[in-house]
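Content type CSV, C-alpha atoms (C1' of nucleotides), from the file protein-v3.csv:
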```
chain,number,residue,atom,x,y,z
A,172,MET,CA,-40.7,-41.5,60.1
A,173,THR,CA,-38.1,-39.3,61.8
A,174,LEU,CA,-35.4,-40.1,64.3
A,175,THR,CA,-34.1,-37.3,66.6
A,176,ILE,CA,-30.7,-37.7,68.2
A,177,ALA,CA,-29.4,-35.1,70.7
A,178,THR,CA,-25.9,-34.7,72.1
A,179,TRP,CA,-25.0,-32.6,75.2
A,180,ASN,CA,-22.1,-32.2,77.5
A,181,ILE,CA,-24.0,-31.9,80.7
A,182,ASN,CA,-21.1,-31.2,83.1
A,183,SER,CA,-22.3,-33.5,85.9
A,184,VAL,CA,-25.5,-35.5,85.3
A,185,ARG,CA,-26.2,-35.7,89.1
A,186,LEU,CA,-26.1,-31.9,89.6
A,187,ARG,CA,-28.2,-31.2,86.4
A,188,ILE,CA,-30.6,-34.1,86.1
A,189,GLU,CA,-33.6,-31.7,86.4
A,190,THR,CA,-32.0,-29.6,83.6
A,191,VAL,CA,-31.9,-32.8,81.5
A,192,ALA,CA,-35.6,-33.4,82.4
A,193,ARG,CA,-36.5,-29.9,81.2
A,194,PHE,CA,-34.7,-30.3,77.9
A,195,VAL,CA,-36.4,-33.7,77.4
A,196,ALA,CA,-39.8,-32.3,78.2
A,197,GLU,CA,-39.4,-29.5,75.7
A,198,HIS,CA,-37.7,-31.3,72.9
A,199,GLN,CA,-38.4,-35.1,73.3
A,200,PRO,CA,-35.4,-36.5,71.5
A,201,ASP,CA,-35.6,-40.2,70.6
A,202,VAL,CA,-32.0,-40.7,71.6
A,203,LEU,CA,-30.0,-38.5,74.0
A,204,CYS,CA,-26.2,-38.8,74.2
A,205,LEU,CA,-24.5,-37.1,77.2
A,206,GLN,CA,-20.9,-36.4,78.0
A,207,GLU,CA,-19.1,-35.4,81.2
A,208,THR,CA,-21.6,-37.3,83.4
A,209,LYS,CA,-18.9,-37.3,86.1
A,210,CYS,CA,-20.1,-40.3,88.2
A,211,ILE,CA,-19.6,-44.0,88.5
A,212,ASP,CA,-22.3,-46.2,87.0
A,213,GLY,CA,-23.8,-47.0,90.4
A,214,GLN,CA,-24.5,-43.3,91.1
A,215,PHE,CA,-26.1,-42.6,87.8
A,216,PRO,CA,-29.7,-41.3,88.3
A,217,LEU,CA,-31.3,-43.9,86.1
A,218,ALA,CA,-34.7,-43.8,87.8
A,219,ASP,CA,-35.0,-40.2,86.8
A,220,VAL,CA,-34.0,-41.1,83.2
A,221,LYS,CA,-36.7,-43.8,83.1
A,222,ARG,CA,-39.3,-41.3,84.4
A,223,MET,CA,-38.4,-39.1,81.4
A,224,GLY,CA,-39.5,-41.9,79.2
A,225,TYR,CA,-36.3,-43.6,78.3
A,226,GLU,CA,-36.6,-47.3,78.9
A,227,HIS,CA,-33.2,-48.1,77.3
A,228,THR,CA,-29.9,-46.8,78.6
A,229,ALA,CA,-26.2,-47.5,78.2
A,230,ILE,CA,-23.8,-45.8,80.5
A,231,HIS,CA,-20.0,-45.7,80.9
A,232,GLY,CA,-18.8,-43.7,83.9
A,233,GLN,CA,-16.0,-43.2,86.3
A,234,LYS,CA,-15.5,-41.3,89.5
A,235,GLY,CA,-15.5,-37.5,89.2
A,236,TYR,CA,-14.4,-37.0,85.6
A,237,HIS,CA,-15.5,-37.7,82.1
A,238,GLY,CA,-18.2,-40.3,81.5
A,239,VAL,CA,-20.7,-40.8,78.6
A,240,ALA,CA,-24.2,-42.1,78.4
A,241,VAL,CA,-27.0,-42.9,75.9
A,242,PHE,CA,-30.7,-42.8,76.6
A,243,SER,CA,-33.1,-44.2,74.0
A,244,ARG,CA,-36.8,-44.7,73.4
A,245,PHE,CA,-35.9,-47.7,71.3
A,246,ALA,CA,-34.2,-50.9,72.4
A,247,LEU,CA,-30.5,-51.0,72.2
A,248,LYS,CA,-28.1,-53.8,71.3
A,249,ASP,CA,-24.4,-54.3,70.9
A,250,VAL,CA,-23.2,-51.9,73.6
A,251,ASP,CA,-19.5,-51.3,73.4
A,252,ARG,CA,-17.2,-49.2,75.5
A,253,LYS,CA,-13.8,-48.6,73.9
A,254,ALA,CA,-10.7,-47.6,75.8
A,255,PHE,CA,-8.4,-45.1,74.0
A,256,CYS,CA,-4.7,-44.4,74.7
A,257,ASP,CA,-4.4,-47.3,77.1
A,258,LYS,CA,-6.5,-45.4,79.7
A,259,ASN,CA,-9.8,-46.5,81.2
A,260,ASP,CA,-11.3,-43.0,81.3
A,261,ALA,CA,-14.8,-43.4,80.1
A,262,ARG,CA,-14.7,-41.3,76.9
A,263,HIS,CA,-16.6,-43.6,74.5
A,264,ILE,CA,-19.7,-45.7,74.3
A,265,ALA,CA,-21.4,-47.2,71.2
A,266,VAL,CA,-24.9,-48.7,70.7
A,267,THR,CA,-27.0,-50.0,67.9
A,268,LEU,CA,-30.7,-49.1,67.7
A,269,ALA,CA,-32.5,-52.5,67.6
A,270,GLU,CA,-36.0,-51.2,66.7
A,271,GLY,CA,-37.8,-48.0,65.5
A,272,PRO,CA,-37.3,-46.0,62.4
A,273,GLY,CA,-33.5,-46.0,62.9
A,274,ALA,CA,-33.2,-49.8,63.5
A,275,GLY,CA,-29.7,-51.0,62.7
A,276,THR,CA,-28.2,-47.5,63.1
A,277,ARG,CA,-24.9,-47.6,65.0
A,278,ILE,CA,-24.3,-44.6,67.3
A,279,HIS,CA,-20.9,-43.6,68.7
A,280,ASN,CA,-20.8,-41.1,71.6
A,281,PHE,CA,-17.4,-39.5,72.3
A,282,TYR,CA,-15.8,-37.2,74.8
A,283,VAL,CA,-12.4,-36.3,73.3
A,284,PRO,CA,-9.8,-35.0,75.8
A,285,ALA,CA,-9.7,-31.2,76.2
A,286,GLY,CA,-5.9,-31.1,75.9
A,287,GLY,CA,-4.8,-28.7,78.7
A,288,ASP,CA,-3.5,-25.2,78.1
A,289,GLU,CA,-0.2,-25.4,76.1
A,290,PRO,CA,-0.6,-26.6,72.5
A,291,ASP,CA,2.7,-28.4,72.4
A,292,PRO,CA,2.7,-32.2,72.8
A,293,ALA,CA,6.4,-32.1,73.8
A,294,ILE,CA,5.8,-30.2,77.0
A,295,ASN,CA,2.1,-30.8,77.6
A,296,GLU,CA,1.1,-34.4,78.2
A,297,LYS,CA,-2.6,-33.6,78.0
A,298,PHE,CA,-2.2,-32.2,74.5
A,299,ALA,CA,-0.2,-35.2,73.5
A,300,HIS,CA,-3.1,-37.4,74.8
A,301,LYS,CA,-5.6,-35.4,72.7
A,302,LEU,CA,-3.5,-35.9,69.6
A,303,GLY,CA,-3.0,-39.6,70.4
A,304,PHE,CA,-6.8,-40.0,70.9
A,305,LEU,CA,-7.4,-38.5,67.4
A,306,ASP,CA,-4.8,-40.9,66.0
A,307,GLU,CA,-6.7,-43.8,67.4
A,308,MET,CA,-10.0,-42.6,66.2
A,309,GLU,CA,-8.6,-42.2,62.7
A,310,ALA,CA,-7.1,-45.7,62.8
A,311,TRP,CA,-10.2,-47.5,64.1
A,312,ASP,CA,-12.0,-49.5,61.4
A,313,ALA,CA,-15.4,-49.0,63.1
A,314,LEU,CA,-15.1,-45.3,62.3
A,315,ARG,CA,-14.3,-45.8,58.6
A,316,VAL,CA,-17.7,-45.4,57.2
A,317,GLY,CA,-17.2,-44.0,53.7
A,318,GLY,CA,-18.2,-45.8,50.6
A,319,GLY,CA,-20.4,-48.5,52.1
A,320,ALA,CA,-24.0,-48.9,53.3
A,321,SER,CA,-23.2,-48.5,57.0
A,322,LYS,CA,-25.7,-46.4,58.9
A,323,THR,CA,-23.6,-44.8,61.5
A,324,VAL,CA,-23.7,-41.6,63.6
A,325,LEU,CA,-20.9,-40.1,65.6
A,326,VAL,CA,-21.8,-37.5,68.2
A,327,GLY,CA,-20.2,-35.9,71.1
A,328,ASP,CA,-17.9,-33.3,72.6
A,329,LEU,CA,-14.9,-33.5,70.3
A,330,ASN,CA,-13.3,-30.4,72.0
A,331,ILE,CA,-12.1,-29.0,68.7
A,332,ALA,CA,-13.7,-26.2,66.7
A,333,PRO,CA,-12.3,-27.1,63.2
A,334,LEU,CA,-13.6,-24.3,61.0
A,335,GLU,CA,-12.9,-20.6,60.9
A,336,HIS,CA,-16.5,-19.7,61.7
A,337,ASP,CA,-16.7,-22.3,64.5
A,338,VAL,CA,-15.2,-19.7,66.8
A,339,TRP,CA,-15.9,-16.0,67.5
A,340,SER,CA,-12.4,-15.0,66.3
A,341,SER,CA,-10.2,-17.5,64.5
A,342,LYS,CA,-7.3,-15.2,64.5
A,343,GLN,CA,-7.5,-14.6,68.3
A,344,LEU,CA,-7.9,-18.3,69.1
A,345,THR,CA,-5.2,-19.7,66.8
A,346,LYS,CA,-2.9,-20.4,69.7
A,347,VAL,CA,-5.7,-21.6,72.0
A,348,VAL,CA,-6.2,-25.3,72.5
A,349,SER,CA,-9.4,-26.3,70.7
A,350,HIS,CA,-8.7,-24.1,67.6
A,351,THR,CA,-4.9,-24.5,66.9
A,352,PRO,CA,-4.1,-25.3,63.2
A,353,LEU,CA,-2.8,-28.8,64.2
A,354,GLU,CA,-6.0,-29.8,66.0
A,355,ARG,CA,-8.2,-28.4,63.2
A,356,ARG,CA,-6.3,-30.3,60.6
A,357,ARG,CA,-6.3,-33.6,62.6
A,358,LEU,CA,-10.0,-33.5,63.3
A,359,THR,CA,-10.7,-32.7,59.7
A,360,GLU,CA,-8.5,-35.7,58.7
A,361,VAL,CA,-10.4,-38.0,61.1
A,362,ALA,CA,-13.6,-36.9,59.5
A,363,THR,CA,-12.5,-36.9,55.9
A,364,ASN,CA,-10.5,-40.1,56.0
A,365,GLY,CA,-13.3,-41.8,57.8
A,366,GLY,CA,-15.7,-40.8,55.2
A,367,TRP,CA,-17.9,-38.7,57.5
A,368,VAL,CA,-20.4,-36.0,56.7
A,369,ASP,CA,-20.4,-33.0,59.2
A,370,MET,CA,-24.2,-32.7,59.5
A,371,MET,CA,-24.2,-29.4,61.3
A,372,ARG,CA,-22.1,-27.7,58.6
A,373,ALA,CA,-23.9,-29.5,55.8
A,374,LEU,CA,-27.1,-27.7,57.0
A,375,THR,CA,-25.5,-24.5,58.3
A,376,PRO,CA,-22.6,-23.8,56.0
A,377,GLU,CA,-19.9,-21.2,56.6
A,378,PRO,CA,-19.6,-18.2,57.0
A,379,GLN,CA,-22.5,-18.6,59.4
A,380,LYS,CA,-21.2,-18.7,62.9
A,381,LEU,CA,-22.1,-21.9,64.8
A,382,TYR,CA,-21.3,-22.3,68.5
A,383,THR,CA,-22.2,-25.0,71.1
A,384,TRP,CA,-20.1,-23.8,74.1
A,385,TRP,CA,-19.6,-20.5,75.9
A,386,SER,CA,-17.1,-20.2,78.8
A,387,TYR,CA,-18.3,-19.9,82.4
A,388,ARG,CA,-15.7,-17.2,82.7
A,389,SER,CA,-17.4,-14.8,80.4
A,390,PRO,CA,-19.3,-12.3,82.5
A,391,ASP,CA,-22.0,-11.9,79.9
A,392,TRP,CA,-21.8,-14.9,77.6
A,393,ASP,CA,-24.9,-13.8,75.5
A,394,ALA,CA,-23.8,-10.3,74.8
A,395,ALA,CA,-20.1,-11.1,74.3
A,396,ASP,CA,-21.0,-14.3,72.3
A,397,LYS,CA,-17.4,-15.6,72.4
A,398,GLY,CA,-18.5,-19.2,71.6
A,399,ARG,CA,-16.9,-22.2,70.0
A,400,ARG,CA,-18.4,-25.2,68.2
A,401,LEU,CA,-17.0,-28.1,70.2
A,402,ASP,CA,-19.9,-30.5,69.9
A,403,HIS,CA,-20.5,-32.3,66.7
A,404,VAL,CA,-22.8,-34.6,64.7
A,405,TRP,CA,-21.3,-36.7,62.0
A,406,LEU,CA,-23.1,-39.1,59.6
A,407,SER,CA,-22.0,-42.0,57.4
A,408,PRO,CA,-22.7,-41.2,53.7
A,409,ALA,CA,-25.5,-43.7,53.7
A,410,LEU,CA,-27.4,-41.5,56.2
A,411,ALA,CA,-26.7,-38.2,54.6
A,412,PRO,CA,-29.8,-38.2,52.4
A,413,ALA,CA,-31.8,-38.5,55.6
A,414,MET,CA,-30.5,-35.2,57.1
A,415,ARG,CA,-33.4,-32.8,57.8
A,416,GLN,CA,-32.5,-30.3,60.6
A,417,VAL,CA,-30.0,-29.5,63.3
A,418,LYS,CA,-31.1,-27.3,66.3
A,419,VAL,CA,-28.4,-25.8,68.5
A,420,LEU,CA,-30.3,-25.0,71.8
A,421,ARG,CA,-28.5,-21.7,72.6
A,422,GLU,CA,-31.2,-20.7,75.1
A,423,ALA,CA,-30.1,-23.6,77.4
A,424,ARG,CA,-26.9,-21.7,78.1
A,425,GLY,CA,-29.1,-19.2,79.9
A,426,TRP,CA,-31.1,-21.6,82.1
A,427,ASP,CA,-30.4,-21.7,85.8
A,428,ARG,CA,-27.1,-23.3,86.8
A,429,PRO,CA,-26.4,-24.3,83.2
A,430,SER,CA,-23.8,-26.5,81.6
A,431,ASP,CA,-21.3,-24.5,79.6
A,432,HIS,CA,-22.3,-26.6,76.5
A,433,VAL,CA,-25.8,-26.6,75.0
A,434,PRO,CA,-27.7,-29.5,73.4
A,435,VAL,CA,-27.5,-30.1,69.7
A,436,VAL,CA,-30.6,-31.9,68.3
A,437,ALA,CA,-30.3,-33.7,64.9
A,438,THR,CA,-33.4,-34.8,62.9
A,439,LEU,CA,-33.2,-37.6,60.4
A,440,ALA,CA,-36.0,-38.7,58.1
A,441,LEU,CA,-35.8,-42.5,57.8
B,96,DA,C1',-7.7,-16.2,75.6
B,97,DT,C1',-12.6,-15.9,78.8
B,98,DG,C1',-8.4,-16.5,82.3
B,99,DG,C1',-12.9,-12.5,86.5
B,100,DC,C1',-16.0,-19.6,86.6
B,101,DC,C1',-17.6,-24.2,87.7
B,102,DG,C1',-17.7,-29.1,89.6
B,103,DC,C1',-15.3,-32.9,91.7
B,104,DC,C1',-13.2,-34.8,95.8
B,105,DT,C1',-13.2,-39.9,101.2
B,106,DT,C1',-13.1,-31.6,100.0
B,107,DT,C1',-12.2,-26.4,102.7
B,108,DG,C1',-7.5,-26.1,98.1
B,109,DG,C1',-6.0,-28.5,94.1
B,110,DC,C1',-7.1,-30.4,89.8
B,111,DG,C1',-9.4,-30.5,85.4
B,112,DG,C1',-12.1,-28.3,82.3
B,113,DA,C1',-11.6,-25.4,77.4
```
For the structure just supplied, provide its representation as C-alpha coordinates.
Amino acid sequence: MTLTIATWNINSVRLRIETVARFVAEHQPDVLCLQETKCIDGQFPLADVKRMGYEHTAIHGQKGYHGVAVFSRFALKDVDRKAFCDKNDARHIAVTLAEGPGAGTRIHNFYVPAGGDEPDPAINEKFAHKLGFLDEMEAWDALRVGGGASKTVLVGDLNIAPLEHDVWSSKQLTKVVSHTPLERRRLTEVATNGGWVDMMRALTPEPQKLYTWWSYRSPDWDAADKGRRLDHVWLSPALAPAMRQVKVLREARGWDRPSDHVPVVATLAL
DNA sequence: ATGGCCGCCTTTGGCGGA
(Lines of atoms letter the chains of each structure in order from A and count residues from 1; the text may use other names and numbers.)
(Lines give C-alpha, C1' and ligand atoms only; values in the text may rest on other atoms or scores of the structure.)
Protein backbone atom coordinates (compact mmCIF):
# COMPACT_ATOMS: atom_id res chain seq x y z
CA MET A 1 0.00 0.00 0.00
CA THR A 2 1.20 3.50 -0.74
CA LEU A 3 0.54 6.78 0.98
CA THR A 4 1.07 10.04 -0.92
CA ILE A 5 1.55 13.27 0.97
CA ALA A 6 1.73 16.61 -0.83
CA THR A 7 2.89 19.99 0.47
CA TRP A 8 2.23 23.32 -1.27
CA ASN A 9 2.46 26.97 -0.39
CA ILE A 10 -0.70 28.10 -2.18
CA ASN A 11 -0.43 31.87 -1.54
CA SER A 12 -4.16 32.39 -0.82
CA VAL A 13 -6.44 29.36 -0.80
CA ARG A 14 -9.52 31.45 -1.62
CA LEU A 15 -7.96 32.94 -4.74
CA ARG A 16 -6.56 29.62 -5.92
CA ILE A 17 -9.07 26.99 -4.82
CA GLU A 18 -9.64 25.98 -8.47
CA THR A 19 -5.88 25.63 -8.86
CA VAL A 20 -5.89 23.28 -5.89
CA ALA A 21 -8.73 21.34 -7.51
CA ARG A 22 -6.71 20.99 -10.72
CA PHE A 23 -3.71 19.66 -8.83
CA VAL A 24 -5.88 17.21 -6.89
CA ALA A 25 -7.63 15.99 -10.04
CA GLU A 26 -4.28 15.35 -11.73
CA HIS A 27 -2.33 13.90 -8.80
CA GLN A 28 -4.80 12.66 -6.19
CA PRO A 29 -2.61 12.88 -3.07
CA ASP A 30 -3.97 11.06 -0.03
CA VAL A 31 -2.97 13.96 2.19
CA LEU A 32 -2.48 17.58 1.09
CA CYS A 33 -0.77 20.11 3.36
CA LEU A 34 -1.09 23.78 2.42
CA GLN A 35 0.66 26.90 3.67
CA GLU A 36 -0.15 30.60 3.27
CA THR A 37 -3.87 29.98 3.13
CA LYS A 38 -4.36 33.65 4.14
CA CYS A 39 -7.85 33.44 5.60
CA ILE A 40 -9.64 32.93 8.89
CA ASP A 41 -11.10 29.47 9.45
CA GLY A 42 -14.66 30.71 8.84
CA GLN A 43 -13.73 31.82 5.30
CA PHE A 44 -11.93 28.61 4.32
CA PRO A 45 -13.54 27.03 1.20
CA LEU A 46 -14.14 23.67 2.90
CA ALA A 47 -17.12 22.77 0.70
CA ASP A 48 -14.82 22.83 -2.34
CA VAL A 49 -12.27 20.71 -0.46
CA LYS A 50 -14.96 18.10 0.32
CA ARG A 51 -15.97 18.10 -3.34
CA MET A 52 -12.36 17.19 -4.19
CA GLY A 53 -12.82 14.06 -2.10
CA TYR A 54 -11.28 15.08 1.20
CA GLU A 55 -13.68 14.20 4.00
CA HIS A 56 -11.19 15.02 6.73
CA THR A 57 -9.67 18.46 7.22
CA ALA A 58 -7.79 20.39 9.86
CA ILE A 59 -7.18 24.11 9.42
CA HIS A 60 -5.37 26.85 11.31
CA GLY A 61 -5.82 30.28 9.82
CA GLN A 62 -5.76 33.95 10.61
CA LYS A 63 -6.82 37.06 8.74
CA GLY A 64 -4.78 37.96 5.67
CA TYR A 65 -1.48 36.28 6.45
CA HIS A 66 0.11 32.89 6.96
CA GLY A 67 -2.23 29.99 7.74
CA VAL A 68 -1.83 26.21 7.31
CA ALA A 69 -4.23 23.39 6.47
CA VAL A 70 -4.33 19.59 6.08
CA PHE A 71 -6.78 17.71 3.84
CA SER A 72 -6.96 13.93 4.10
CA ARG A 73 -8.72 10.96 2.55
CA PHE A 74 -8.24 9.18 5.86
CA ALA A 75 -9.65 10.09 9.25
CA LEU A 76 -7.53 12.39 11.39
CA LYS A 77 -7.04 12.52 15.12
CA ASP A 78 -5.01 14.46 17.69
CA VAL A 79 -5.08 17.78 15.83
CA ASP A 80 -2.73 20.30 17.46
CA ARG A 81 -1.87 23.88 16.61
CA LYS A 82 1.29 25.09 18.27
CA ALA A 83 2.14 28.75 18.74
CA PHE A 84 5.81 29.67 18.25
CA CYS A 85 7.69 32.72 19.54
CA ASP A 86 4.72 33.78 21.72
CA LYS A 87 2.77 34.76 18.63
CA ASN A 88 -0.57 33.45 17.51
CA ASP A 89 0.25 33.58 13.82
CA ALA A 90 -0.97 30.25 12.40
CA ARG A 91 2.31 28.73 11.27
CA HIS A 92 1.84 25.13 12.44
CA ILE A 93 -0.70 22.34 12.55
CA ALA A 94 -0.18 18.66 13.37
CA VAL A 95 -2.44 15.67 12.78
CA THR A 96 -2.26 11.92 13.16
CA LEU A 97 -3.67 9.59 10.50
CA ALA A 98 -6.25 7.42 12.25
CA GLU A 99 -6.82 4.92 9.43
CA GLY A 100 -5.41 3.78 6.10
CA PRO A 101 -1.95 2.52 5.18
CA GLY A 102 -0.31 5.28 7.21
CA ALA A 103 -2.45 4.82 10.33
CA GLY A 104 -0.57 6.15 13.32
CA THR A 105 1.62 8.48 11.25
CA ARG A 106 2.02 11.94 12.76
CA ILE A 107 2.23 14.82 10.26
CA HIS A 108 3.55 18.29 11.13
CA ASN A 109 2.81 21.08 8.64
CA PHE A 110 4.95 24.24 9.02
CA TYR A 111 5.19 27.72 7.61
CA VAL A 112 8.46 29.15 8.90
CA PRO A 113 8.79 32.98 8.91
CA ALA A 114 10.38 34.40 5.76
CA GLY A 115 12.68 36.69 7.74
CA GLY A 116 12.56 40.02 5.93
CA ASP A 117 15.37 41.49 3.86
CA GLU A 118 18.34 42.14 6.13
CA PRO A 119 20.06 38.98 7.46
CA ASP A 120 21.02 40.54 10.79
CA PRO A 121 18.91 39.76 13.87
CA ALA A 122 20.25 42.86 15.66
CA ILE A 123 18.63 45.25 13.20
CA ASN A 124 15.90 43.11 11.62
CA GLU A 125 13.17 41.88 13.94
CA LYS A 126 11.81 39.53 11.27
CA PHE A 127 15.12 37.77 10.87
CA ALA A 128 15.38 37.46 14.66
CA HIS A 129 11.88 35.93 14.62
CA LYS A 130 12.95 33.41 11.99
CA LEU A 131 15.98 32.35 14.06
CA GLY A 132 13.88 32.19 17.24
CA PHE A 133 11.35 30.02 15.41
CA LEU A 134 14.12 27.58 14.41
CA ASP A 135 15.37 27.55 18.03
CA GLU A 136 11.90 26.52 19.22
CA MET A 137 11.59 23.86 16.54
CA GLU A 138 14.93 22.40 17.59
CA ALA A 139 13.98 22.42 21.28
CA TRP A 140 10.53 20.85 20.81
CA ASP A 141 10.47 17.24 21.97
CA ALA A 142 7.77 16.30 19.44
CA LEU A 143 10.25 17.06 16.64
CA ARG A 144 12.98 14.84 18.09
CA VAL A 145 12.28 11.67 16.17
CA GLY A 146 15.66 9.97 15.87
CA GLY A 147 16.43 6.59 17.28
CA GLY A 148 12.87 5.49 18.04
CA ALA A 149 9.95 3.87 16.28
CA SER A 150 8.01 7.10 15.81
CA LYS A 151 6.39 7.39 12.39
CA THR A 152 6.51 11.12 11.80
CA VAL A 153 6.54 13.37 8.75
CA LEU A 154 7.41 17.06 8.73
CA VAL A 155 6.46 19.08 5.66
CA GLY A 156 6.06 22.68 4.72
CA ASP A 157 7.50 25.94 3.56
CA LEU A 158 10.58 26.23 5.74
CA ASN A 159 11.74 29.33 3.83
CA ILE A 160 15.36 28.16 3.80
CA ALA A 161 17.31 26.54 0.96
CA PRO A 162 19.97 24.74 3.00
CA LEU A 163 22.22 23.12 0.41
CA GLU A 164 24.45 24.56 -2.30
CA HIS A 165 22.34 23.09 -5.09
CA ASP A 166 19.05 24.16 -3.49
CA VAL A 167 19.54 27.54 -5.20
CA TRP A 168 20.52 28.64 -8.71
CA SER A 169 23.70 30.32 -7.47
CA SER A 170 24.90 29.71 -3.94
CA LYS A 171 27.58 32.38 -4.27
CA GLN A 172 25.17 35.05 -5.48
CA LEU A 173 22.61 34.28 -2.79
CA THR A 174 24.91 33.97 0.20
CA LYS A 175 23.76 37.33 1.61
CA VAL A 176 20.13 36.82 0.65
CA VAL A 177 17.72 35.77 3.36
CA SER A 178 16.77 32.09 2.79
CA HIS A 179 20.32 31.07 1.86
CA THR A 180 22.64 32.82 4.34
CA PRO A 181 25.23 30.59 6.04
CA LEU A 182 23.58 31.09 9.45
CA GLU A 183 20.13 29.98 8.25
CA ARG A 184 21.56 27.07 6.32
CA ARG A 185 23.44 25.88 9.39
CA ARG A 186 20.49 26.35 11.74
CA LEU A 187 18.03 24.45 9.54
CA THR A 188 20.54 21.65 9.11
CA GLU A 189 20.95 21.51 12.89
CA VAL A 190 17.19 21.33 13.41
CA ALA A 191 17.07 18.39 11.01
CA THR A 192 20.19 16.61 12.23
CA ASN A 193 19.61 17.07 15.95
CA GLY A 194 15.98 16.05 15.52
CA GLY A 195 17.04 12.87 13.75
CA TRP A 196 15.22 13.71 10.49
CA VAL A 197 15.83 12.35 7.00
CA ASP A 198 15.58 14.92 4.17
CA MET A 199 13.45 12.82 1.83
CA MET A 200 13.83 15.08 -1.21
CA ARG A 201 17.63 14.98 -1.03
CA ALA A 202 17.72 11.29 -0.11
CA LEU A 203 16.08 10.57 -3.47
CA THR A 204 17.62 13.43 -5.49
CA PRO A 205 21.12 13.96 -4.11
CA GLU A 206 23.38 16.90 -4.86
CA PRO A 207 24.72 18.16 -7.21
CA GLN A 208 21.35 17.85 -8.92
CA LYS A 209 19.52 21.16 -8.70
CA LEU A 210 16.20 21.03 -6.86
CA TYR A 211 13.85 24.06 -6.62
CA THR A 212 10.29 24.50 -5.37
CA TRP A 213 9.94 28.28 -5.67
CA TRP A 214 10.51 30.83 -8.43
CA SER A 215 10.01 34.54 -7.78
CA TYR A 216 7.04 36.40 -9.24
CA ARG A 217 9.50 39.15 -10.15
CA SER A 218 11.40 37.10 -12.62
CA PRO A 219 10.10 38.06 -16.07
CA ASP A 220 10.65 34.58 -17.48
CA TRP A 221 10.91 32.21 -14.54
CA ASP A 222 11.20 29.10 -16.71
CA ALA A 223 14.05 30.26 -18.93
CA ALA A 224 15.90 32.12 -16.16
CA ASP A 225 15.29 29.22 -13.73
CA LYS A 226 16.52 31.19 -10.71
CA GLY A 227 14.74 28.96 -8.22
CA ARG A 228 15.20 27.94 -4.62
CA ARG A 229 14.21 24.81 -2.64
CA LEU A 230 12.20 26.37 0.16
CA ASP A 231 9.68 23.55 0.63
CA HIS A 232 10.67 20.35 2.37
CA VAL A 233 9.64 16.81 3.29
CA TRP A 234 11.36 15.26 6.30
CA LEU A 235 10.83 11.76 7.66
CA SER A 236 11.57 10.08 10.96
CA PRO A 237 14.12 7.25 10.53
CA ALA A 238 11.38 4.65 11.07
CA LEU A 239 9.70 5.85 7.86
CA ALA A 240 12.87 6.15 5.78
CA PRO A 241 12.68 2.56 4.45
CA ALA A 242 9.24 3.45 3.03
CA MET A 243 10.56 6.25 0.78
CA ARG A 244 9.67 5.66 -2.85
CA GLN A 245 9.39 8.87 -4.85
CA VAL A 246 9.27 12.66 -4.61
CA LYS A 247 7.72 14.66 -7.44
CA VAL A 248 8.31 18.40 -7.65
CA LEU A 249 5.52 19.74 -9.85
CA ARG A 250 7.49 22.37 -11.71
CA GLU A 251 4.80 22.65 -14.38
CA ALA A 252 2.38 24.15 -11.80
CA ARG A 253 4.48 27.33 -11.75
CA GLY A 254 3.36 27.86 -15.33
CA TRP A 255 -0.39 27.46 -14.70
CA ASP A 256 -2.72 30.49 -14.89
CA ARG A 257 -2.31 32.87 -11.93
CA PRO A 258 0.06 30.47 -10.17
CA SER A 259 1.43 30.39 -6.69
CA ASP A 260 5.14 31.21 -6.63
CA HIS A 261 5.67 27.78 -4.99
CA VAL A 262 4.91 24.42 -6.63
CA PRO A 263 3.51 21.26 -5.03
CA VAL A 264 5.88 18.58 -3.77
CA VAL A 265 4.38 15.06 -3.71
CA ALA A 266 6.01 12.34 -1.60
CA THR A 267 5.15 8.65 -1.99
CA LEU A 268 5.67 6.18 0.85
CA ALA A 269 5.22 2.40 0.60
CA LEU A 270 3.65 1.23 3.83
C1' DA B 1 19.16 39.57 -5.45
C1' DT B 2 14.53 38.75 -8.81
C1' DG B 3 14.03 43.71 -6.63
C1' DG B 4 10.70 45.01 -13.06
C1' DC B 5 5.58 40.98 -8.93
C1' DC B 6 1.68 39.42 -6.19
C1' DG B 7 -2.14 39.23 -2.49
C1' DC B 8 -4.12 41.16 1.53
C1' DC B 9 -6.78 44.90 3.59
C1' DT B 10 -13.00 47.23 6.97
C1' DT B 11 -8.06 48.86 0.34
C1' DT B 12 -6.86 52.80 -3.88
C1' DG B 13 -1.08 52.76 -0.83
C1' DG B 14 1.33 50.20 2.67
C1' DC B 15 2.75 45.87 4.30
C1' DG B 16 4.52 41.29 3.85
C1' DG B 17 6.31 37.89 1.08
C1' DA B 18 11.43 35.69 -0.25
* **Among listed residues A:Arg187, A:Arg355, A:Lys342, A:His403, nearest DA96 (chain B) (using all atoms listed in the file)** =>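 Result for the nearest residue to DA96 (chain B): A:Lys342.
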* Write down, as a ChimeraX atom specification, each residue of chain A that has any atom within 6 Å of an atom of chain B, counting only C-alpha atoms (C1' of nucleotides). => /A:235,387-389
* For Glu197 (chain A), which residue among A:Met371, A:Ala240, A:Met223, A:Met172 is the nearest when counting only C-alpha atoms? -> A:Met223
* Within 6 Å of region 322-335 of chain A, counting only C-alpha atoms (C1' of nucleotides), which residues show up once you throw out same-chain ones fewer than 5 positions away? Write them as a list in words, please. => Thr178, Thr276, Arg277, Ile278, His279, Asn280, Phe281, Tyr282, Val283, Ala285, Ser341, Ser349, His350, Arg355, Arg400, Leu401, Asp402, His403, Val404, Trp405, Leu406, Ser407, Ala409 and Leu410 of chain A
Enclose all atoms of region 361-364 of chain A listed in the file in an axis-aligned box, grow every side by 5 Å, and hand back centre and edge lengths in Å to one decimal, as AutoDock Vina command-line options.
```
--center_x -12.0 --center_y -38.5 --center_z 58.5 --size_x 13.2 --size_y 13.2 --size_z 15.2
```
* May I ask for the distance between CA of Lys234 (chain A) and CA of Trp311 (chain A), given in Å to one decimal place? =>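 It comes out at 26.7 Å.
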* Asked: Nearest to His198 (chain A) among A:Ala265, A:Ile176, A:Leu217, A:Ala299, with distances taken over all atoms listed in the file: which residue is it?
  ->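 Closest to His198 (chain A) of all the choices is A:Ile176.
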* From the list A:Ala362, A:Cys204, A:Val435, A:Leu381, which residue is nearest Asp337 (chain A) when using only C-alpha atoms? ->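 The closest residue to Asp337 (chain A) is A:Leu381.
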* Asked: In Å, how far is it from CA of Gly275 (chain A) to CA of Phe242 (chain A)?
  -> 16.2 Å
* Give me, please, the distance in Å between CA of Pro272 (chain A) and CA of Arg421 (chain A), quoted to one decimal. =>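 Pair CA of Pro272 (chain A) / CA of Arg421 (chain A) returns 27.8 Å.
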